[in-house]
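Visitor: Sharing target03.pdb below, PDB, C-alpha atoms, pLDDT in the B column:
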```
ATOM      1  CA  MET A   1      -8.959 -22.316 -11.128  1.00 72.00           C
ATOM      2  CA  ASP A   2      -5.572 -23.241  -9.716  1.00 70.00           C
ATOM      3  CA  ARG A   3      -6.898 -22.791  -6.173  1.00 73.00           C
ATOM      4  CA  PHE A   4      -9.904 -24.950  -6.993  1.00 74.00           C
ATOM      5  CA  PHE A   5      -7.626 -27.652  -8.391  1.00 71.00           C
ATOM      6  CA  GLU A   6      -5.360 -27.431  -5.374  1.00 73.00           C
ATOM      7  CA  TRP A   7      -8.315 -27.780  -3.022  1.00 76.00           C
ATOM      8  CA  HIS A   8      -9.725 -30.830  -4.840  1.00 78.00           C
ATOM      9  CA  ASN A   9      -6.294 -32.330  -5.572  1.00 79.00           C
ATOM     10  CA  LEU A  10      -7.108 -33.166  -9.200  1.00 77.00           C
ATOM     11  CA  SER A  11      -4.729 -34.963 -11.546  1.00 80.00           C
ATOM     12  CA  ASN A  12      -3.302 -33.095 -14.529  1.00 78.00           C
ATOM     13  CA  ASN A  13      -5.621 -34.853 -16.993  1.00 78.00           C
ATOM     14  CA  ARG A  14      -8.702 -34.139 -14.884  1.00 82.00           C
ATOM     15  CA  LYS A  15      -7.697 -30.443 -14.578  1.00 82.00           C
ATOM     16  CA  VAL A  16      -7.584 -30.150 -18.381  1.00 80.00           C
ATOM     17  CA  ARG A  17     -10.944 -31.900 -18.830  1.00 81.00           C
ATOM     18  CA  PHE A  18     -12.607 -29.827 -16.099  1.00 82.00           C
ATOM     19  CA  ALA A  19     -11.274 -26.563 -17.581  1.00 81.00           C
ATOM     20  CA  LYS A  20     -12.481 -27.635 -21.049  1.00 80.00           C
ATOM     21  CA  MET A  21     -15.943 -28.271 -19.627  1.00 82.00           C
ATOM     22  CA  LYS A  22     -16.022 -24.771 -18.045  1.00 80.00           C
ATOM     23  CA  LEU A  23     -15.134 -22.899 -21.262  1.00 82.00           C
ATOM     24  CA  ILE A  24     -18.016 -20.970 -22.832  1.00 85.00           C
ATOM     25  CA  ASP A  25     -18.785 -19.025 -26.010  1.00 87.00           C
ATOM     26  CA  GLU A  26     -15.719 -17.872 -27.953  1.00 87.00           C
ATOM     27  CA  ALA A  27     -13.259 -19.639 -25.632  1.00 84.00           C
ATOM     28  CA  LYS A  28     -15.019 -22.964 -26.219  1.00 86.00           C
ATOM     29  CA  ILE A  29     -14.857 -22.486 -29.991  1.00 89.00           C
ATOM     30  CA  TYR A  30     -11.201 -21.445 -29.781  1.00 86.00           C
ATOM     31  CA  TRP A  31     -10.306 -24.561 -27.789  1.00 85.00           C
ATOM     32  CA  ARG A  32     -12.093 -26.832 -30.284  1.00 88.00           C
ATOM     33  CA  ASP A  33     -10.030 -25.225 -33.057  1.00 90.00           C
ATOM     34  CA  VAL A  34      -6.806 -25.849 -31.100  1.00 88.00           C
ATOM     35  CA  GLU A  35      -7.734 -29.498 -30.607  1.00 88.00           C
ATOM     36  CA  ASP A  36      -8.718 -29.876 -34.281  1.00 89.00           C
ATOM     37  CA  CYS A  37      -5.404 -28.345 -35.437  1.00 90.00           C
ATOM     38  CA  LEU A  38      -3.424 -30.697 -33.208  1.00 88.00           C
ATOM     39  CA  GLU A  39      -5.408 -33.687 -34.496  1.00 90.00           C
ATOM     40  CA  MET A  40      -4.918 -32.639 -38.153  1.00 91.00           C
ATOM     41  CA  ARG A  41      -1.157 -32.367 -37.590  1.00 91.00           C
ATOM     42  CA  GLY A  42      -1.086 -35.792 -35.984  1.00 92.00           C
ATOM     43  CA  LYS A  43      -0.059 -34.410 -32.593  1.00 90.00           C
ATOM     44  CA  PRO A  44      -1.455 -35.666 -29.292  1.00 90.00           C
ATOM     45  CA  PRO A  45      -4.063 -33.552 -27.490  1.00 86.00           C
ATOM     46  CA  ILE A  46      -2.981 -31.268 -24.675  1.00 87.00           C
ATOM     47  CA  THR A  47      -3.309 -33.127 -21.377  1.00 84.00           C
ATOM     48  CA  ASP A  48      -1.064 -30.938 -19.225  1.00 84.00           C
ATOM     49  CA  TRP A  49      -2.807 -28.161 -17.288  1.00 81.00           C
ATOM     50  CA  ILE A  50       0.170 -25.778 -17.491  1.00 83.00           C
ATOM     51  CA  LYS A  51       0.348 -26.119 -21.291  1.00 84.00           C
ATOM     52  CA  LYS A  52      -3.400 -25.583 -21.632  1.00 84.00           C
ATOM     53  CA  LYS A  53      -3.245 -22.502 -19.426  1.00 80.00           C
ATOM     54  CA  GLN A  54      -0.362 -21.097 -21.494  1.00 81.00           C
ATOM     55  CA  LYS A  55      -2.261 -21.697 -24.747  1.00 83.00           C
ATOM     56  CA  LEU A  56      -5.333 -19.894 -23.397  1.00 82.00           C
ATOM     57  CA  GLN A  57      -3.189 -17.017 -22.119  1.00 78.00           C
ATOM     58  CA  GLU A  58      -1.623 -16.588 -25.560  1.00 79.00           C
ATOM     59  CA  LYS A  59      -5.087 -15.976 -26.949  1.00 80.00           C
ATOM     60  CA  TYR A  60      -6.782 -14.087 -24.137  1.00 77.00           C
ATOM     61  CA  LEU A  61      -3.903 -12.430 -22.339  1.00 73.00           C
ATOM     62  CA  PRO A  62      -1.733 -10.920 -25.078  1.00 73.00           C
ATOM     63  CA  GLN A  63       1.862  -9.939 -24.381  1.00 75.00           C
ATOM     64  CA  TYR A  64       1.194  -6.193 -24.748  1.00 78.00           C
ATOM     65  CA  TYR A  65      -1.348  -6.402 -21.908  1.00 80.00           C
ATOM     66  CA  ARG A  66       1.185  -8.159 -19.685  1.00 79.00           C
ATOM     67  CA  ASN A  67       3.834  -5.586 -20.596  1.00 85.00           C
ATOM     68  CA  LYS A  68       1.409  -2.785 -19.741  1.00 88.00           C
ATOM     69  CA  LEU A  69       0.747  -4.368 -16.336  1.00 86.00           C
ATOM     70  CA  LEU A  70       4.477  -4.679 -15.699  1.00 86.00           C
ATOM     71  CA  ASP A  71       4.982  -1.007 -16.582  1.00 89.00           C
ATOM     72  CA  GLN A  72       2.198   0.003 -14.210  1.00 90.00           C
ATOM     73  CA  TRP A  73       3.712  -2.146 -11.469  1.00 89.00           C
ATOM     74  CA  ASN A  74       7.174  -0.682 -12.041  1.00 88.00           C
ATOM     75  CA  ASN A  75       5.769   2.865 -11.883  1.00 91.00           C
ATOM     76  CA  LEU A  76       3.640   2.253  -8.791  1.00 92.00           C
ATOM     77  CA  ARG A  77       4.400   4.850  -6.106  1.00 94.00           C
ATOM     78  CA  GLN A  78       2.948   5.347  -2.633  1.00 92.00           C
ATOM     79  CA  GLY A  79       2.509   9.117  -2.977  1.00 91.00           C
ATOM     80  CA  ASN A  80      -0.549  10.228  -0.986  1.00 92.00           C
ATOM     81  CA  LYS A  81      -1.840   6.669  -0.490  1.00 91.00           C
ATOM     82  CA  SER A  82      -1.835   5.118   2.954  1.00 90.00           C
ATOM     83  CA  ILE A  83       0.673   2.329   3.439  1.00 91.00           C
ATOM     84  CA  ASN A  84      -2.148  -0.244   3.492  1.00 91.00           C
ATOM     85  CA  GLU A  85      -3.470   0.998   0.140  1.00 93.00           C
ATOM     86  CA  TYR A  86       0.015   0.874  -1.348  1.00 92.00           C
ATOM     87  CA  ILE A  87       0.608  -2.679  -0.107  1.00 92.00           C
ATOM     88  CA  MET A  88      -2.769  -3.820  -1.483  1.00 93.00           C
ATOM     89  CA  GLN A  89      -2.004  -2.327  -4.904  1.00 92.00           C
ATOM     90  CA  PHE A  90       1.502  -3.783  -4.890  1.00 92.00           C
ATOM     91  CA  ASN A  91       0.156  -7.275  -4.082  1.00 90.00           C
ATOM     92  CA  ASP A  92      -2.517  -6.943  -6.749  1.00 89.00           C
ATOM     93  CA  TYR A  93       0.082  -6.188  -9.424  1.00 87.00           C
ATOM     94  CA  MET A  94       2.324  -8.977  -8.145  1.00 86.00           C
ATOM     95  CA  ILE A  95      -0.511 -11.497  -8.522  1.00 82.00           C
ATOM     96  CA  ARG A  96      -1.726 -10.183 -11.879  1.00 80.00           C
ATOM     97  CA  CYS A  97       1.758 -10.067 -13.384  1.00 80.00           C
ATOM     98  CA  ALA A  98       2.483 -13.593 -12.101  1.00 74.00           C
ATOM     99  CA  ILE A  99       6.213 -13.009 -11.942  1.00 72.00           C
ATOM    100  CA  ARG A 100       8.187 -15.499  -9.919  1.00 70.00           C
ATOM    101  CA  LYS A 101      11.405 -13.556  -9.433  1.00 70.00           C
ATOM    102  CA  SER A 102      13.618 -13.706  -6.403  1.00 79.00           C
ATOM    103  CA  GLU A 103      12.385 -12.204  -3.182  1.00 84.00           C
ATOM    104  CA  ALA A 104      15.195  -9.634  -3.304  1.00 86.00           C
ATOM    105  CA  MET A 105      14.012  -8.310  -6.698  1.00 87.00           C
ATOM    106  CA  THR A 106      10.417  -8.030  -5.506  1.00 89.00           C
ATOM    107  CA  LEU A 107      11.560  -6.324  -2.297  1.00 90.00           C
ATOM    108  CA  ARG A 108      13.555  -3.778  -4.340  1.00 90.00           C
ATOM    109  CA  ARG A 109      10.507  -3.065  -6.483  1.00 90.00           C
ATOM    110  CA  PHE A 110       8.393  -2.581  -3.338  1.00 92.00           C
ATOM    111  CA  CYS A 111      10.943  -0.228  -1.748  1.00 92.00           C
ATOM    112  CA  ARG A 112      11.324   1.823  -4.929  1.00 92.00           C
ATOM    113  CA  GLY A 113       7.658   2.828  -4.677  1.00 93.00           C
ATOM    114  CA  LEU A 114       7.716   3.783  -0.999  1.00 93.00           C
ATOM    115  CA  ASN A 115       7.891   7.379   0.174  1.00 91.00           C
ATOM    116  CA  ASP A 116      11.400   8.493   1.184  1.00 91.00           C
ATOM    117  CA  ASP A 117      10.972   8.182   4.962  1.00 89.00           C
ATOM    118  CA  LEU A 118       9.727   4.596   4.737  1.00 90.00           C
ATOM    119  CA  ARG A 119      12.311   3.595   2.139  1.00 91.00           C
ATOM    120  CA  ARG A 120      15.103   4.885   4.389  1.00 90.00           C
ATOM    121  CA  GLU A 121      13.688   2.975   7.353  1.00 89.00           C
ATOM    122  CA  VAL A 122      13.514  -0.325   5.412  1.00 89.00           C
ATOM    123  CA  VAL A 123      17.122   0.087   4.256  1.00 89.00           C
ATOM    124  CA  PHE A 124      18.286   1.166   7.726  1.00 88.00           C
ATOM    125  CA  GLN A 125      16.678  -1.872   9.367  1.00 88.00           C
ATOM    126  CA  GLY A 126      18.280  -4.271   6.844  1.00 89.00           C
ATOM    127  CA  VAL A 127      15.007  -5.948   5.877  1.00 89.00           C
ATOM    128  CA  SER A 128      15.491  -8.987   3.633  1.00 89.00           C
ATOM    129  CA  THR A 129      11.964 -10.293   2.936  1.00 90.00           C
ATOM    130  CA  LEU A 130       8.787  -8.742   1.637  1.00 88.00           C
ATOM    131  CA  ASP A 131       6.802  -9.828   4.704  1.00 90.00           C
ATOM    132  CA  GLN A 132       9.327  -8.138   6.986  1.00 90.00           C
ATOM    133  CA  ALA A 133       9.079  -4.966   4.900  1.00 91.00           C
ATOM    134  CA  TYR A 134       5.264  -5.001   5.097  1.00 90.00           C
ATOM    135  CA  THR A 135       5.364  -5.392   8.877  1.00 90.00           C
ATOM    136  CA  LEU A 136       8.040  -2.742   9.333  1.00 89.00           C
ATOM    137  CA  VAL A 137       6.342  -0.042   7.261  1.00 88.00           C
ATOM    138  CA  LYS A 138       2.962  -0.678   8.877  1.00 87.00           C
ATOM    139  CA  ASP A 139       4.481  -0.507  12.368  1.00 86.00           C
ATOM    140  CA  TYR A 140       6.590   2.540  11.468  1.00 81.00           C
ATOM    141  CA  LYS A 141       3.549   4.449  10.219  1.00 72.00           C
ATOM    142  CA  LEU A 142       1.574   3.475  13.313  1.00 72.00           C
ATOM    143  CA  VAL A 143       4.361   4.564  15.681  1.00 70.00           C
ATOM    144  CA  THR A 144       5.024   7.874  13.912  1.00 65.00           C
ATOM    145  CA  LYS A 145       1.302   8.578  13.737  1.00 60.00           C
ATOM    146  CA  ASN A 146       0.971   8.041  17.517  1.00 57.00           C
ATOM    147  CA  GLN A 147       4.076  10.143  18.223  1.00 55.00           C
ATOM    148  CA  TRP A 148       2.698  12.980  16.101  1.00 50.00           C
ATOM    149  CA  LYS A 149      -0.675  12.740  17.864  1.00 54.00           C
ATOM    150  CA  ASN A 150       1.015  12.834  21.284  1.00 53.00           C
ATOM    151  CA  ARG A 151       3.131  15.806  20.232  1.00 53.00           C
ATOM    152  CA  GLN A 152       0.025  17.652  19.012  1.00 53.00           C
ATOM    153  CA  ASP A 153      -1.811  16.852  22.245  1.00 52.00           C
ATOM    154  CA  SER A 154       1.027  18.305  24.326  1.00 51.00           C
ATOM    155  CA  TYR A 155       0.970  21.514  22.267  1.00 50.00           C
ATOM    156  CA  SER A 156      -2.775  21.911  22.588  1.00 52.00           C
ATOM    157  CA  ILE A 157      -2.587  22.701  26.336  1.00 48.00           C
ATOM    158  CA  PRO A 158      -2.845  26.484  26.725  1.00 50.00           C
ATOM    159  CA  ILE A 159       0.440  27.929  27.971  1.00 45.00           C
ATOM    160  CA  ARG A 160      -1.224  30.202  30.539  1.00 46.00           C
ATOM    161  CA  SER A 161      -2.894  27.266  32.277  1.00 45.00           C
ATOM    162  CA  GLN A 162       0.502  25.587  32.746  1.00 45.00           C
ATOM    163  CA  PHE A 163       1.696  28.513  34.919  1.00 43.00           C
ATOM    164  CA  ARG A 164      -1.424  29.186  36.982  1.00 46.00           C
ATOM    165  CA  ASN A 165      -0.271  26.770  39.594  1.00 47.00           C
ATOM    166  CA  SER A 166       1.365  28.655  42.481  1.00 46.00           C
ATOM    167  CA  ASP A 167       3.937  25.882  42.775  1.00 47.00           C
ATOM    168  CA  SER A 168       5.382  26.777  39.378  1.00 44.00           C
ATOM    169  CA  LEU A 169       8.853  28.233  39.096  1.00 43.00           C
ATOM    170  CA  LEU A 170       7.512  31.681  38.292  1.00 45.00           C
ATOM    171  CA  GLY A 171       4.926  31.693  41.027  1.00 48.00           C
ATOM    172  CA  ALA A 172       1.525  33.266  40.616  1.00 50.00           C
ATOM    173  CA  PRO A 173       1.205  35.962  37.959  1.00 50.00           C
ATOM    174  CA  PRO A 174       1.218  39.535  39.313  1.00 53.00           C
ATOM    175  CA  HIS A 175      -2.174  41.028  40.105  1.00 54.00           C
ATOM    176  CA  ARG A 176      -3.123  43.939  37.883  1.00 55.00           C
ATOM    177  CA  PRO A 177      -6.031  46.125  38.883  1.00 56.00           C
ATOM    178  CA  ASN A 178      -8.714  46.491  36.278  1.00 58.00           C
ATOM    179  CA  LEU A 179      -8.948  50.258  35.704  1.00 55.00           C
ATOM    180  CA  SER A 180     -11.749  51.752  33.672  1.00 55.00           C
ATOM    181  CA  SER A 181     -10.994  54.324  30.978  1.00 53.00           C
ATOM    182  CA  ALA A 182     -12.439  57.128  33.193  1.00 54.00           C
ATOM    183  CA  GLN A 183     -10.027  56.220  35.997  1.00 55.00           C
ATOM    184  CA  LEU A 184      -7.115  56.152  33.534  1.00 53.00           C
ATOM    185  CA  TYR A 185      -8.125  59.630  32.276  1.00 54.00           C
ATOM    186  CA  LYS A 186      -8.190  61.072  35.809  1.00 54.00           C
ATOM    187  CA  LYS A 187      -4.842  59.528  36.621  1.00 53.00           C
ATOM    188  CA  ASP A 188      -3.155  61.011  33.529  1.00 53.00           C
ATOM    189  CA  LYS A 189      -4.897  64.425  33.759  1.00 56.00           C
ATOM    190  CA  GLY A 190      -2.569  67.330  33.822  1.00 57.00           C
ATOM    191  CA  LYS A 191       0.423  65.414  32.461  1.00 56.00           C
ATOM    192  CA  ARG A 192       1.857  66.712  29.287  1.00 56.00           C
ATOM    193  CA  VAL A 193       2.254  64.254  26.442  1.00 53.00           C
ATOM    194  CA  VAL A 194       5.625  64.663  24.761  1.00 51.00           C
TER     195      VAL A 194
END
```
Would you put the structure from the file into structure tokens?
Guide:
Amino acid sequence: MDRFFEWHNLSNNRKVRFAKMKLIDEAKIYWRDVEDCLEMRGKPPITDWIKKKQKLQEKYLPQYYRNKLLDQWNNLRQGNKSINEYIMQFNDYMIRCAIRKSEAMTLRRFCRGLNDDLRREVVFQGVSTLDQAYTLVKDYKLVTKNQWKNRQDSYSIPIRSQFRNSDSLLGAPPHRPNLSSAQLYKKDKGKRVV
């Protein structure tokens, strides 16, 4: 809803009224109860969007759920995932946990989950923002993947074909006559095997 409100540039009061209109079923009943309780206590109704959102989160997003999400985010590791999958999961947790900590803290959390080679590269390069880290690890994986592919391609050339050229250092391989087994038998006939 925040994106919708940002797009339409609604005032705080209009945000609260629009959100109230969109509530259905149990949430609608819950909000009526909140308003009734405030009225019975002689308190003014909630007209601030942030306060309304917090009140709804208390009911529908309990603290244990948020703590569970934070634990999952803290334990997120790249492992066998591609770097793009890891970044997508990391961003998903960052959005769902809605933590507004410093960039340095978020960067540390991101690096902690990276595989060792990528973590070392981020530290070595002195990256200071999350966007820089994303770019670096994506580029690093792409470069190392291409280097590995090139290395494999160079090893796939048969060694014999590299030396068939008469201009090679070794020259042409020596010619060996193809003798049949009968010819070999005649050649060795009469020699004593020791």
Visitor: Which neighbours of A:Trp73 fall inside 10 Å, counting all atoms listed in the file, when residues of the same chain fewer than 6 positions from it are skipped, and could you give them as an NGL selection string?
Guide: :A and (67 or 89-94 or 96-97 or 109-110 or 113)
Visitor: Using only C-alpha atoms, can you tell me which of A:Gln72, A:Asp25, A:Lys138, A:Arg17 comes closest to A:Asp48?
Guide: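 Residue with the minimum atom-to-atom distance to A:Asp48: A:Arg17.
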Visitor: For each of A:Ser82, A:Ala27, A:Pro62, A:Trp49, take the minimum atom-to-atom distance to A:Phe5, counting all atoms listed in the file, then give the residue where this is smallest.
Guide: A:Trp49
Visitor: Which one of A:Met1, A:Asn9, A:Lys51, A:Leu56 sits closest to A:Ile29 if you count all atoms listed in the file?
Guide: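 Of A:Met1, A:Asn9, A:Lys51, A:Leu56, the one nearest A:Ile29, counting all atoms listed in the file, is A:Leu56.
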Visitor: Using only C-alpha atoms, find all polymer residues with an atom at most 7 Å away from the point (-4.7, -34.6, -18.9); report them as a tab-separated table (two decimals) with C-alpha atoms, in the frame of the given file.
Guide:
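Output file point_3.tsv is given in full below:
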```tsv
chain	number	residue	atom	x	y	z
A	12	ASN	CA	-3.30	-33.10	-14.53
A	13	ASN	CA	-5.62	-34.85	-16.99
A	14	ARG	CA	-8.70	-34.14	-14.88
A	15	LYS	CA	-7.70	-30.44	-14.58
A	16	VAL	CA	-7.58	-30.15	-18.38
A	17	ARG	CA	-10.94	-31.90	-18.83
A	46	ILE	CA	-2.98	-31.27	-24.68
A	47	THR	CA	-3.31	-33.13	-21.38
A	48	ASP	CA	-1.06	-30.94	-19.23
A	49	TRP	CA	-2.81	-28.16	-17.29
```
Visitor: Using all atoms listed in the file, which of the listed residues (A:Lys28, A:Cys111, A:Leu69, A:Gln54) sits closest to A:Leu136?
Guide: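 Closest candidate: A:Cys111.
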